Structures are given as C-alpha cells and as structure tokens.
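Peer 1: What follows is the file input-v3.json, containing JSON, C-alpha atoms:
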```
[["chain", "number", "residue", "atom", "x", "y", "z"],
["X", 15, "MET", "CA", 62.92, 97.57, 123.40],
["X", 16, "LEU", "CA", 66.31, 95.92, 123.06],
["X", 17, "PHE", "CA", 66.86, 93.08, 120.63],
["X", 18, "SER", "CA", 68.21, 89.94, 122.18],
["X", 19, "LEU", "CA", 71.36, 89.37, 120.11],
["X", 20, "LEU", "CA", 74.00, 89.93, 122.78],
["X", 21, "GLY", "CA", 72.16, 93.00, 123.96],
["X", 22, "VAL", "CA", 73.59, 95.16, 121.17],
["X", 23, "PHE", "CA", 70.90, 95.58, 118.52],
["X", 24, "PHE", "CA", 68.42, 98.41, 118.82],
["X", 25, "LEU", "CA", 64.80, 98.96, 117.94],
["X", 26, "CYS", "CA", 65.07, 102.02, 115.74],
["X", 27, "GLY", "CA", 61.75, 103.42, 114.66],
["X", 28, "LEU", "CA", 59.30, 104.52, 117.31],
["X", 29, "SER", "CA", 56.33, 104.28, 114.97],
["X", 30, "GLU", "CA", 53.97, 101.31, 115.11],
["X", 31, "SER", "CA", 53.80, 101.18, 111.29],
["X", 32, "PHE", "CA", 56.22, 98.51, 110.07],
["X", 33, "ILE", "CA", 56.69, 96.65, 106.80],
["X", 34, "PRO", "CA", 55.57, 92.99, 107.07],
["X", 35, "ASP", "CA", 58.47, 90.65, 107.70],
["X", 36, "ASN", "CA", 57.77, 88.53, 104.61],
["X", 37, "VAL", "CA", 58.37, 91.36, 102.10],
["X", 38, "HIS", "CA", 61.51, 90.75, 100.04],
["X", 39, "PRO", "CA", 64.06, 93.51, 100.83],
["X", 40, "LEU", "CA", 64.98, 94.07, 97.17],
["X", 41, "SER", "CA", 61.47, 93.90, 95.74],
["X", 42, "GLU", "CA", 59.23, 96.53, 94.20],
["X", 43, "GLU", "CA", 56.75, 95.61, 96.91],
["X", 44, "MET", "CA", 59.21, 96.78, 99.58],
["X", 45, "ILE", "CA", 59.65, 100.11, 97.79],
["X", 46, "GLU", "CA", 55.90, 100.57, 97.37],
["X", 47, "LYS", "CA", 55.11, 99.76, 100.99],
["X", 48, "ILE", "CA", 57.76, 102.14, 102.32],
["X", 49, "ASN", "CA", 56.56, 105.00, 100.15],
["X", 50, "ALA", "CA", 52.92, 104.27, 101.03],
["X", 51, "LEU", "CA", 53.73, 104.94, 104.69],
["X", 52, "GLN", "CA", 54.51, 108.56, 103.77],
["X", 53, "THR", "CA", 57.37, 108.56, 106.24],
["X", 54, "THR", "CA", 60.29, 111.02, 106.37],
["X", 55, "TRP", "CA", 62.15, 109.31, 103.53],
["X", 56, "LYS", "CA", 61.64, 107.85, 100.06],
["X", 57, "ALA", "CA", 62.56, 104.41, 98.79],
["X", 58, "GLY", "CA", 63.74, 103.35, 95.35],
["X", 59, "LYS", "CA", 65.74, 100.70, 93.51],
["X", 60, "ASN", "CA", 69.44, 100.59, 94.39],
["X", 61, "PHE", "CA", 70.51, 97.11, 93.31],
["X", 62, "ASP", "CA", 70.25, 95.06, 90.13],
["X", 63, "VAL", "CA", 70.22, 91.82, 92.10],
["X", 64, "SER", "CA", 67.44, 89.91, 93.82],
["X", 65, "GLN", "CA", 69.47, 87.52, 95.97],
["X", 66, "VAL", "CA", 69.20, 88.19, 99.67],
["X", 67, "GLU", "CA", 72.63, 86.59, 100.04],
["X", 68, "TYR", "CA", 74.18, 89.65, 98.41],
["X", 69, "LEU", "CA", 72.96, 91.82, 101.25],
["X", 70, "LYS", "CA", 74.98, 89.77, 103.72],
["X", 71, "CYS", "CA", 78.11, 90.97, 101.89],
["X", 72, "LEU", "CA", 77.31, 94.57, 102.76],
["X", 73, "THR", "CA", 77.14, 94.46, 106.57],
["X", 74, "GLY", "CA", 80.39, 93.59, 108.31],
["X", 75, "VAL", "CA", 80.45, 94.96, 111.85],
["X", 76, "ARG", "CA", 80.91, 92.07, 114.25],
["X", 77, "ARG", "CA", 78.65, 92.09, 117.31],
["X", 78, "ASP", "CA", 79.92, 90.02, 120.21],
["X", 79, "SER", "CA", 80.88, 90.34, 123.84],
["X", 80, "ASN", "CA", 84.60, 90.32, 122.99],
["X", 81, "ALA", "CA", 84.40, 93.50, 120.92],
["X", 82, "ARG", "CA", 86.90, 95.95, 122.36],
["X", 83, "LYS", "CA", 85.95, 99.53, 123.15],
["X", 84, "LEU", "CA", 88.36, 102.42, 122.80],
["X", 85, "PRO", "CA", 88.88, 104.76, 125.76],
["X", 86, "ARG", "CA", 86.23, 107.48, 125.86],
["X", 87, "LYS", "CA", 87.72, 110.91, 125.28],
["X", 88, "SER", "CA", 86.65, 113.91, 127.33],
["X", 89, "ILE", "CA", 85.51, 116.62, 124.91],
["X", 90, "SER", "CA", 84.62, 120.19, 125.86],
["X", 91, "ILE", "CA", 81.44, 121.09, 124.00],
["X", 92, "VAL", "CA", 81.74, 124.22, 121.88],
["X", 93, "ASN", "CA", 79.28, 127.08, 122.12],
["X", 94, "ASP", "CA", 76.90, 128.03, 119.33],
["X", 95, "ILE", "CA", 76.71, 124.71, 117.50],
["X", 96, "PRO", "CA", 75.06, 125.49, 114.14],
["X", 97, "ASP", "CA", 71.78, 123.92, 113.03],
["X", 98, "THR", "CA", 73.50, 122.55, 109.92],
["X", 99, "PHE", "CA", 77.06, 121.47, 109.23],
["X", 100, "ASP", "CA", 78.68, 119.77, 106.25],
["X", 101, "ALA", "CA", 82.37, 118.81, 106.38],
["X", 102, "ARG", "CA", 82.52, 118.92, 102.57],
["X", 103, "THR", "CA", 81.91, 122.67, 102.55],
["X", 104, "GLN", "CA", 83.79, 123.33, 105.79],
["X", 105, "TRP", "CA", 87.01, 121.84, 104.38],
["X", 106, "PRO", "CA", 86.67, 122.10, 100.57],
["X", 107, "HIS", "CA", 90.43, 121.60, 100.14],
["X", 108, "CYS", "CA", 90.07, 117.98, 101.32],
["X", 109, "PRO", "CA", 88.73, 115.90, 98.40],
["X", 110, "SER", "CA", 88.47, 112.70, 100.46],
["X", 111, "ILE", "CA", 85.52, 114.17, 102.37],
["X", 112, "SER", "CA", 83.46, 114.20, 99.15],
["X", 113, "PHE", "CA", 84.69, 110.79, 97.99],
["X", 114, "ILE", "CA", 82.31, 107.82, 98.03],
["X", 115, "ARG", "CA", 84.01, 104.41, 98.07],
["X", 116, "ASP", "CA", 82.72, 100.96, 97.12],
["X", 117, "GLN", "CA", 83.46, 97.98, 99.36],
["X", 118, "SER", "CA", 82.00, 95.57, 96.78],
["X", 119, "ASN", "CA", 81.00, 92.07, 98.00],
["X", 120, "CYS", "CA", 83.32, 92.19, 100.99],
["X", 121, "GLY", "CA", 82.14, 92.70, 104.56],
["X", 122, "SER", "CA", 84.76, 95.40, 105.03],
["X", 123, "CYS", "CA", 82.59, 98.36, 106.05],
["X", 124, "TRP", "CA", 84.36, 98.36, 109.43],
["X", 125, "ALA", "CA", 87.58, 99.23, 107.57],
["X", 126, "PHE", "CA", 86.04, 101.62, 105.04],
["X", 127, "GLY", "CA", 84.36, 103.82, 107.64],
["X", 128, "ALA", "CA", 87.67, 104.02, 109.49],
["X", 129, "VAL", "CA", 90.04, 104.80, 106.58],
["X", 130, "GLU", "CA", 87.60, 107.31, 105.12],
["X", 131, "ALA", "CA", 87.53, 109.29, 108.37],
["X", 132, "MET", "CA", 91.31, 108.88, 108.81],
["X", 133, "SER", "CA", 91.92, 110.29, 105.32],
["X", 134, "ASP", "CA", 89.69, 113.26, 106.08],
["X", 135, "ARG", "CA", 91.34, 113.92, 109.41],
["X", 136, "ILE", "CA", 94.89, 113.82, 108.08],
["X", 137, "CYS", "CA", 93.94, 116.30, 105.38],
["X", 138, "ILE", "CA", 92.22, 118.60, 107.87],
["X", 139, "ALA", "CA", 95.10, 118.44, 110.36],
["X", 140, "THR", "CA", 97.69, 119.18, 107.63],
["X", 141, "LYS", "CA", 95.56, 122.02, 106.24],
["X", 142, "GLY", "CA", 95.32, 120.29, 102.89],
["X", 143, "SER", "CA", 98.95, 119.31, 102.36],
["X", 144, "PHE", "CA", 97.86, 115.64, 102.50],
["X", 145, "THR", "CA", 95.07, 114.84, 100.06],
["X", 146, "ASP", "CA", 95.60, 111.12, 99.46],
["X", 147, "GLU", "CA", 93.34, 108.28, 100.59],
["X", 148, "ILE", "CA", 94.30, 105.86, 103.33],
["X", 149, "SER", "CA", 94.09, 102.30, 102.03],
["X", 150, "ALA", "CA", 91.10, 100.12, 102.93],
["X", 151, "GLU", "CA", 92.99, 97.22, 101.32],
["X", 152, "ASP", "CA", 95.89, 97.57, 103.75],
["X", 153, "LEU", "CA", 93.59, 97.58, 106.77],
["X", 154, "VAL", "CA", 91.29, 94.76, 105.60],
["X", 155, "THR", "CA", 94.14, 92.41, 104.70],
["X", 156, "CYS", "CA", 96.81, 93.11, 107.32],
["X", 157, "CYS", "CA", 95.00, 93.78, 110.60],
["X", 158, "ASP", "CA", 94.66, 90.37, 112.24],
["X", 159, "SER", "CA", 93.29, 91.84, 115.47],
["X", 160, "CYS", "CA", 90.51, 93.62, 113.55],
["X", 161, "GLY", "CA", 88.51, 90.46, 112.90],
["X", 162, "TYR", "CA", 87.99, 88.45, 109.74],
["X", 163, "GLY", "CA", 88.71, 90.73, 106.79],
["X", 164, "CYS", "CA", 85.85, 90.38, 104.31],
["X", 165, "GLY", "CA", 84.07, 88.27, 106.91],
["X", 166, "GLY", "CA", 83.58, 91.27, 109.16],
["X", 167, "GLY", "CA", 85.50, 93.10, 111.83],
["X", 168, "TYR", "CA", 85.65, 95.53, 114.74],
["X", 169, "PRO", "CA", 85.80, 99.29, 114.11],
["X", 170, "ALA", "CA", 87.64, 100.07, 117.36],
["X", 171, "GLU", "CA", 90.47, 97.70, 116.44],
["X", 172, "ALA", "CA", 90.86, 99.47, 113.10],
["X", 173, "TRP", "CA", 91.64, 102.74, 114.83],
["X", 174, "ASP", "CA", 94.07, 101.06, 117.22],
["X", 175, "TYR", "CA", 95.86, 99.45, 114.27],
["X", 176, "TRP", "CA", 96.34, 102.89, 112.66],
["X", 177, "VAL", "CA", 98.10, 104.06, 115.85],
["X", 178, "ASP", "CA", 100.20, 100.92, 116.40],
["X", 179, "LYS", "CA", 101.12, 99.76, 112.89],
["X", 180, "GLY", "CA", 100.25, 102.57, 110.51],
["X", 181, "LEU", "CA", 98.49, 102.38, 107.14],
["X", 182, "VAL", "CA", 99.61, 103.19, 103.62],
["X", 183, "THR", "CA", 97.69, 105.05, 100.93],
["X", 184, "GLY", "CA", 95.39, 103.45, 98.38],
["X", 185, "GLY", "CA", 92.24, 104.28, 96.45],
["X", 186, "LEU", "CA", 89.49, 102.32, 94.77],
["X", 187, "TYR", "CA", 89.81, 99.28, 92.50],
["X", 188, "GLN", "CA", 92.69, 99.85, 90.04],
["X", 189, "GLY", "CA", 93.19, 103.26, 91.63],
["X", 190, "GLY", "CA", 96.21, 105.16, 92.85],
["X", 191, "GLY", "CA", 98.29, 105.11, 95.99],
["X", 192, "CYS", "CA", 100.44, 102.35, 97.42],
["X", 193, "ARG", "CA", 97.76, 99.66, 97.87],
["X", 194, "PRO", "CA", 94.47, 100.36, 96.06],
["X", 195, "TYR", "CA", 91.46, 98.08, 96.61],
["X", 196, "THR", "CA", 91.79, 94.81, 94.72],
["X", 197, "ILE", "CA", 88.17, 93.65, 94.93],
["X", 198, "LYS", "CA", 86.31, 94.59, 91.76],
["X", 199, "PRO", "CA", 82.96, 96.38, 92.10],
["X", 200, "CYS", "CA", 80.28, 93.76, 91.81],
["X", 201, "ALA", "CA", 76.65, 94.20, 90.83],
["X", 202, "ASN", "CA", 75.70, 90.52, 90.57],
["X", 203, "CYS", "CA", 77.62, 88.82, 93.37],
["X", 204, "THR", "CA", 75.99, 86.32, 95.70],
["X", 205, "ASP", "CA", 78.95, 85.30, 97.87],
["X", 206, "ILE", "CA", 81.26, 87.23, 100.18],
["X", 207, "ALA", "CA", 84.62, 87.75, 98.49],
["X", 208, "PRO", "CA", 87.64, 86.00, 100.02],
["X", 209, "THR", "CA", 89.96, 88.31, 101.93],
["X", 210, "PRO", "CA", 92.99, 89.22, 99.77],
["X", 211, "PRO", "CA", 96.46, 88.48, 101.18],
["X", 212, "CYS", "CA", 98.40, 90.99, 103.23],
["X", 213, "VAL", "CA", 101.11, 92.27, 100.90],
["X", 214, "GLU", "CA", 103.41, 94.83, 102.46],
["X", 215, "GLN", "CA", 104.46, 96.17, 99.10],
["X", 216, "CYS", "CA", 103.24, 99.06, 96.96],
["X", 217, "GLN", "CA", 101.97, 98.59, 93.41],
["X", 218, "ALA", "CA", 104.71, 98.88, 90.80],
["X", 219, "SER", "CA", 103.60, 102.29, 89.53],
["X", 220, "TYR", "CA", 103.84, 103.91, 92.97],
["X", 221, "PRO", "CA", 107.10, 105.82, 93.59],
["X", 222, "LYS", "CA", 107.51, 104.96, 97.30],
["X", 223, "LYS", "CA", 108.32, 101.82, 99.24],
["X", 224, "TYR", "CA", 105.67, 100.41, 101.57],
["X", 225, "SER", "CA", 107.61, 101.41, 104.69],
["X", 226, "GLU", "CA", 108.01, 104.96, 103.39],
["X", 227, "ASP", "CA", 104.29, 105.38, 102.81],
["X", 228, "LEU", "CA", 102.99, 104.43, 106.26],
["X", 229, "HIS", "CA", 100.84, 107.01, 108.04],
["X", 230, "TYR", "CA", 100.17, 106.68, 111.77],
["X", 231, "GLY", "CA", 97.54, 107.80, 114.22],
["X", 232, "GLN", "CA", 98.60, 109.69, 117.32],
["X", 233, "GLU", "CA", 95.65, 108.48, 119.38],
["X", 234, "ALA", "CA", 92.39, 106.57, 118.96],
["X", 235, "TYR", "CA", 89.30, 107.09, 121.08],
["X", 236, "MET", "CA", 85.56, 106.63, 121.44],
["X", 237, "VAL", "CA", 83.31, 109.68, 121.18],
["X", 238, "SER", "CA", 80.40, 109.94, 123.60],
["X", 239, "GLY", "CA", 77.08, 109.37, 121.84],
["X", 240, "ASP", "CA", 75.36, 112.51, 123.06],
["X", 241, "VAL", "CA", 74.63, 114.82, 120.15],
["X", 242, "PRO", "CA", 76.53, 117.99, 121.22],
["X", 243, "THR", "CA", 79.69, 115.96, 121.91],
["X", 244, "MET", "CA", 79.53, 114.26, 118.52],
["X", 245, "GLN", "CA", 78.89, 117.60, 116.81],
["X", 246, "THR", "CA", 81.82, 119.23, 118.60],
["X", 247, "GLU", "CA", 84.17, 116.41, 117.60],
["X", 248, "ILE", "CA", 83.12, 116.55, 113.95],
["X", 249, "MET", "CA", 83.36, 120.37, 113.80],
["X", 250, "THR", "CA", 86.78, 120.35, 115.46],
["X", 251, "ASN", "CA", 88.63, 117.36, 113.99],
["X", 252, "GLY", "CA", 86.55, 116.07, 111.09],
["X", 253, "PRO", "CA", 84.24, 113.15, 110.24],
["X", 254, "VAL", "CA", 83.90, 110.16, 112.58],
["X", 255, "GLU", "CA", 83.21, 106.46, 112.10],
["X", 256, "ALA", "CA", 79.98, 105.07, 113.57],
["X", 257, "ASP", "CA", 78.02, 101.88, 113.10],
["X", 258, "PHE", "CA", 74.35, 101.01, 113.23],
["X", 259, "ASP", "CA", 71.91, 98.13, 112.77],
["X", 260, "VAL", "CA", 70.71, 97.58, 109.20],
["X", 261, "TYR", "CA", 67.12, 96.46, 108.64],
["X", 262, "ALA", "CA", 65.50, 95.20, 105.44],
["X", 263, "ASP", "CA", 64.05, 98.57, 104.45],
["X", 264, "PHE", "CA", 67.37, 100.43, 104.55],
["X", 265, "PHE", "CA", 68.67, 98.83, 101.36],
["X", 266, "SER", "CA", 66.01, 100.76, 99.39],
["X", 267, "TYR", "CA", 66.80, 104.21, 100.82],
["X", 268, "LYS", "CA", 66.87, 106.99, 98.21],
["X", 269, "SER", "CA", 66.28, 110.34, 99.92],
["X", 270, "GLY", "CA", 65.01, 112.04, 103.05],
["X", 271, "VAL", "CA", 65.70, 111.26, 106.70],
["X", 272, "TYR", "CA", 65.80, 107.52, 107.35],
["X", 273, "ILE", "CA", 63.66, 106.15, 110.19],
["X", 274, "GLN", "CA", 63.46, 102.36, 110.41],
["X", 275, "LYS", "CA", 60.26, 100.78, 109.08],
["X", 276, "SER", "CA", 61.20, 97.10, 109.02],
["X", 277, "GLN", "CA", 61.89, 94.74, 111.89],
["X", 278, "VAL", "CA", 63.98, 92.24, 109.86],
["X", 279, "LEU", "CA", 67.57, 92.69, 111.00],
["X", 280, "TYR", "CA", 70.50, 92.02, 108.64],
["X", 281, "GLY", "CA", 73.50, 93.04, 110.73],
["X", 282, "GLY", "CA", 75.79, 95.85, 111.77],
["X", 283, "HIS", "CA", 77.22, 98.35, 109.32],
["X", 284, "ALA", "CA", 79.97, 100.97, 109.71],
["X", 285, "ILE", "CA", 79.80, 104.34, 108.00],
["X", 286, "ARG", "CA", 81.26, 107.87, 108.16],
["X", 287, "ILE", "CA", 79.30, 110.76, 109.70],
["X", 288, "LEU", "CA", 80.30, 114.11, 108.18],
["X", 289, "GLY", "CA", 77.60, 116.52, 109.27],
["X", 290, "TRP", "CA", 74.03, 117.18, 110.34],
["X", 291, "GLY", "CA", 70.97, 119.27, 109.65],
["X", 292, "ILE", "CA", 67.18, 119.54, 109.88],
["X", 293, "GLU", "CA", 64.80, 118.45, 107.11],
["X", 294, "ASN", "CA", 61.07, 119.16, 107.36],
["X", 295, "GLY", "CA", 61.38, 119.40, 111.12],
["X", 296, "THR", "CA", 63.37, 116.17, 111.57],
["X", 297, "ASP", "CA", 66.94, 116.37, 112.91],
["X", 298, "TYR", "CA", 69.41, 114.20, 111.00],
["X", 299, "TRP", "CA", 73.00, 113.07, 110.65],
["X", 300, "LEU", "CA", 74.58, 113.38, 107.19],
["X", 301, "VAL", "CA", 76.32, 110.09, 106.41],
["X", 302, "ALA", "CA", 78.60, 108.72, 103.69],
["X", 303, "ASN", "CA", 78.02, 105.05, 102.85],
["X", 304, "SER", "CA", 80.50, 102.67, 101.16],
["X", 305, "TRP", "CA", 78.16, 100.95, 98.69],
["X", 306, "GLY", "CA", 79.17, 103.09, 95.70],
["X", 307, "SER", "CA", 77.77, 106.36, 94.40],
["X", 308, "ASP", "CA", 74.81, 104.64, 92.68],
["X", 309, "TRP", "CA", 73.30, 103.68, 96.04],
["X", 310, "GLY", "CA", 70.98, 106.00, 97.94],
["X", 311, "ASP", "CA", 71.43, 109.75, 97.48],
["X", 312, "LYS", "CA", 74.60, 109.57, 95.34],
["X", 313, "GLY", "CA", 76.21, 107.39, 98.00],
["X", 314, "TYR", "CA", 74.97, 109.40, 101.00],
["X", 315, "PHE", "CA", 72.04, 109.11, 103.37],
["X", 316, "LYS", "CA", 70.45, 110.99, 106.25],
["X", 317, "ILE", "CA", 69.36, 109.28, 109.44],
["X", 318, "ARG", "CA", 67.37, 110.62, 112.37],
["X", 319, "ARG", "CA", 69.56, 112.38, 114.92],
["X", 320, "GLY", "CA", 69.16, 112.48, 118.70],
["X", 321, "THR", "CA", 67.16, 109.27, 119.19],
["X", 322, "ASN", "CA", 70.02, 106.78, 118.71],
["X", 323, "GLU", "CA", 68.26, 105.57, 115.55],
["X", 324, "CYS", "CA", 69.36, 101.97, 114.94],
["X", 325, "GLY", "CA", 72.23, 102.52, 117.39],
["X", 326, "ILE", "CA", 73.86, 105.23, 115.23],
["X", 327, "GLU", "CA", 74.97, 107.12, 118.36],
["X", 328, "TYR", "CA", 76.02, 104.05, 120.35],
["X", 329, "ASP", "CA", 79.51, 103.26, 118.99],
["X", 330, "VAL", "CA", 81.34, 106.29, 117.58],
["X", 331, "ASN", "CA", 85.10, 106.07, 117.00],
["X", 332, "ALA", "CA", 87.73, 108.55, 115.91],
["X", 333, "GLY", "CA", 91.38, 109.51, 116.33],
["X", 334, "LEU", "CA", 94.01, 112.12, 115.62],
["X", 335, "PRO", "CA", 96.83, 111.71, 113.10],
["X", 336, "GLN", "CA", 100.51, 111.69, 113.94],
["X", 337, "LEU", "CA", 102.00, 114.62, 112.03]]
```
How does the structure come out when it is put into structure tokens?

Peer 2:
Amino acid sequence: MLFSLLGVFFLCGLSESFIPDNVHPLSEEMIEKINALQTTWKAGKNFDVSQVEYLKCLTGVRRDSNARKLPRKSISIVNDIPDTFDARTQWPHCPSISFIRDQSNCGSCWAFGAVEAMSDRICIATKGSFTDEISAEDLVTCCDSCGYGCGGGYPAEAWDYWVDKGLVTGGLYQGGGCRPYTIKPCANCTDIAPTPPCVEQCQASYPKKYSEDLHYGQEAYMVSGDVPTMQTEIMTNGPVEADFDVYADFFSYKSGVYIQKSQVLYGGHAIRILGWGIENGTDYWLVANSWGSDWGDKGYFKIRRGTNECGIEYDVNAGLPQL
C-alpha cells in the first residue's frame, strides 16, 4: 500500500498489529504498547519533552515532485558478501565513522546524513590521512539549491553541492574545524531553529582560510536500492546516506531491529547507513542517527533490511571525494 502524499511515503510494517493513532508519540503509553507487541525491537524513553511540535524539528527531508535525483551508478556486485559488516571495525582509523552528531532543533538531517558519509569516505579514500569532519553548518547555511536550511532540504542536492562548490570542515556545537555547528543542543525546544547565515569564513581559532579548507567531491550518484548493490557500495567506498519515513513509534526506539508499528506519519528523515547484520533471524541495516548519542542505542538503530522498510532502500545517495 502506498501512502498518498505525492506517491513517496511507504507502508513499512507488514504486520496487522499497529499502535492506535491516538497514542501520544512521547508517552509512556506508546512505549508500553510497543513492548506489549513483542516485536523485533524494544521501546524506551528518549526525550525529556512532551510537545509533539519538537518532533517536527527532527525530520527534514523534503518530499515533492521537484526533488532532483542523482544519476544512478552502475555497480558490479562483489562476490561473497558477508552476513555482517560494520564500517566502524572495517576502517578503525577513521574516527568519523563512530561519531554521532546532534542536529538539535533544526530540520537539517538531509545535510547531516550527507556530511557524515562524506567525512567517512574522504578518510577511507585517503587511508586515514584525513580524519576531520565535513561541516554540516557550511552545507545547511550556504547551499541555496538544497532547500530551506533548518526548514528541510533535498539529500541529492547536498551531494551535488559537495562536487560543485566544496565544503569546509566543522564539528559539533563549539567544536573544531573551520565552521562548527552553531545551533546549541536542545532538550526542551518546541520550535524549529532559524537557519544561521552563510558565513564563508573560518572561526578565529582555525589556522586556515575558508578557501583553503574546501574539500570537493569528484562525483555524486544514486545507489540502486537492491540489497547486494547497497552492500557492495558500502563495503567498497564507505557509508551512504539514505532517507526513510518516520512514524510515531520510531521516536521511542531503544534496541533491536525496527519494524514500523504505527501508522501516524511525521515526515522524511535522512541518516547514514554503515553496515548490516542478522539479529534473531531478522536481516537489518546498521544506521547512525543525528539526534545525539542519548537517543536510541547510543545514537544508532537497526532497521529491517530487504523489504524497503519505510522506504529505507528507496533513495540512497553517495559520492567519491576529489583527492
């Protein structure tokens, strides 16, 4: 069954057992009802807020007919794909792969998923000589073609911007690099943060000029959503950015393999896929979120693999760095 919103949203879970639509997404009742279903995952408290408005700050992938798609790259599938793979252990010399970021109350997931994967891929391609973080701030504030900054954007455009304009380095709030994130982590916000201005200048403590710190992509492309192709791309070049549809139950994810159990849709969300595995007979993707390390399983989650759960295999983007 396909949801009606521009033909993009997906029905995720195949089970007939769903949480009633009137259950508050941040309530103890939601947690209890999920756990009572004895599904493949466990729910728990992730947020110290009760306002539903806050949740709208967390999903920022725009869904409309004008959303551009990157060219699909032809990928030769490798032989002997392992049952489990984790980019963190495959490339331990790349600290960005194990780094969980926090987008705060800004609908900038479209940028976070992209710069996280870009950072990983530059490190992998340089065999660990580059271990900095590409700046989410630079992408969110300066890419006009990407959408609306904190008001949401388009993942494909983020990868194109990396190729065409380049991006500087920058970590979390008050962090290092040229342009660290300027939006403070927020546990009690109710409104989407305004998009900061585009400032093509590094923070005073950084030793380089903005123009000297730019890092470019060589190419940007879409990865086919079939599982072996995605696995080959991740094994060969590093984590990828994907996006999926977020339902009311997802906000309470704590552990296990997520399978959707609510039919209340909140929006699209971009993330970084860094591996896969099998848990209690259920195939999954290993995913890094950008809601801070206190959310979920220390910032990570697993989601069912091979069924296009919530559209997770529908829009997968990646690229190669210019060295």

Peer 1: Please provide the set of residues having any atom within 8 Å of range 260-266 of chain X, restricted to all atoms listed in the file, with same-chain residues fewer than 3 positions apart removed, written as a PyMOL selection string.

Peer 2: chain X and resi 33+39-40+44-45+48+57-60+73+272+274-283+310+324

Peer 1: Find the residues of range 228-260 of chain X that sit at most 7 Å from range 171-194 of chain X; for each, write down the nearest two atoms and how far apart they are in Å, to one decimal. Count all atoms listed in the file. Sort by chain, then by number going up, and give it as a Markdown table.

Peer 2:
```
| residue | atom | partner | partner_atom | distance |
| --- | --- | --- | --- | --- |
| X:Leu228 | CA | X:Val182 | CA | 4.5 |
| X:His229 | CA | X:Gly180 | CA | 5.1 |
| X:Tyr230 | CA | X:Gly180 | CA | 4.3 |
| X:Gly231 | CA | X:Val177 | CA | 4.1 |
| X:Gln232 | CA | X:Val177 | CA | 5.8 |
| X:Glu233 | CA | X:Val177 | CA | 6.2 |
| X:Ala234 | CA | X:Trp173 | CA | 5.7 |
```

Peer 1: Using all atoms listed in the file, find the one residue out of X:Cys71, X:Leu288, X:Val129, X:Ile206 that sits nearest to Trp305 in chain X.

Peer 2: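 Nearest candidate to Trp305 in chain X out of X:Cys71, X:Leu288, X:Val129, X:Ile206: X:Cys71.
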
Peer 1: Go ahead and compute the interatomic distance for CA of Arg76 in chain X and CA of Tyr168 in chain X, in Å to one decimal.

Peer 2: 5.9 Å

Peer 1: Select, from X:Ala284, X:Ala302, X:Ile89, X:Ile136, the residue with the minimum atom-to-atom distance to Asp240 in chain X, counting all atoms listed in the file.

Peer 2: X:Ile89

Peer 1: Centre and edge lengths of an axis-aligned box around all listed atoms of range 159-163 of chain X, with 5 Å added on each side, are to be given in Å to one decimal, as AutoDock Vina command-line options.

Peer 2:
```
--center_x 90.6 --center_y 91.0 --center_z 111.1 --size_x 15.3 --size_y 15.2 --size_z 18.7
```

Peer 1: Considering only C-alpha atoms, return as a list in words whatever protein or nucleic-acid residues lie within 10 Å of Asn202 in chain X, sequence-local ones (same chain, fewer than 5 positions apart) excluded.

Peer 2: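 Once the adjacent positions are removed, what remains is Phe61, Asp62, Val63, Ser64, Gln65, Tyr68 and Asn119 of chain X.
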
Peer 1: How far is it from CA of Ala256 in chain X to CA of Ala150 in chain X, in Å with one decimal?

Peer 2: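 Separating CA of Ala256 in chain X from CA of Ala150 in chain X is a distance of 16.2 Å.
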
Peer 1: When you draw a straight line from CA of Pro211 in chain X to CA of Val154 in chain X, how long is it in Å?

Peer 2: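 Taking CA of Pro211 in chain X as the start and CA of Val154 in chain X as the end point, the length is 9.3 Å.
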
Peer 1: Is it possible to get the residues within 10 Å of (73.3, 107.5, 120.7) (coordinates as in the file, counting all atoms listed in the file) written as a ChimeraX atom specification?

Peer 2: /X:238-241,244,258,319-330
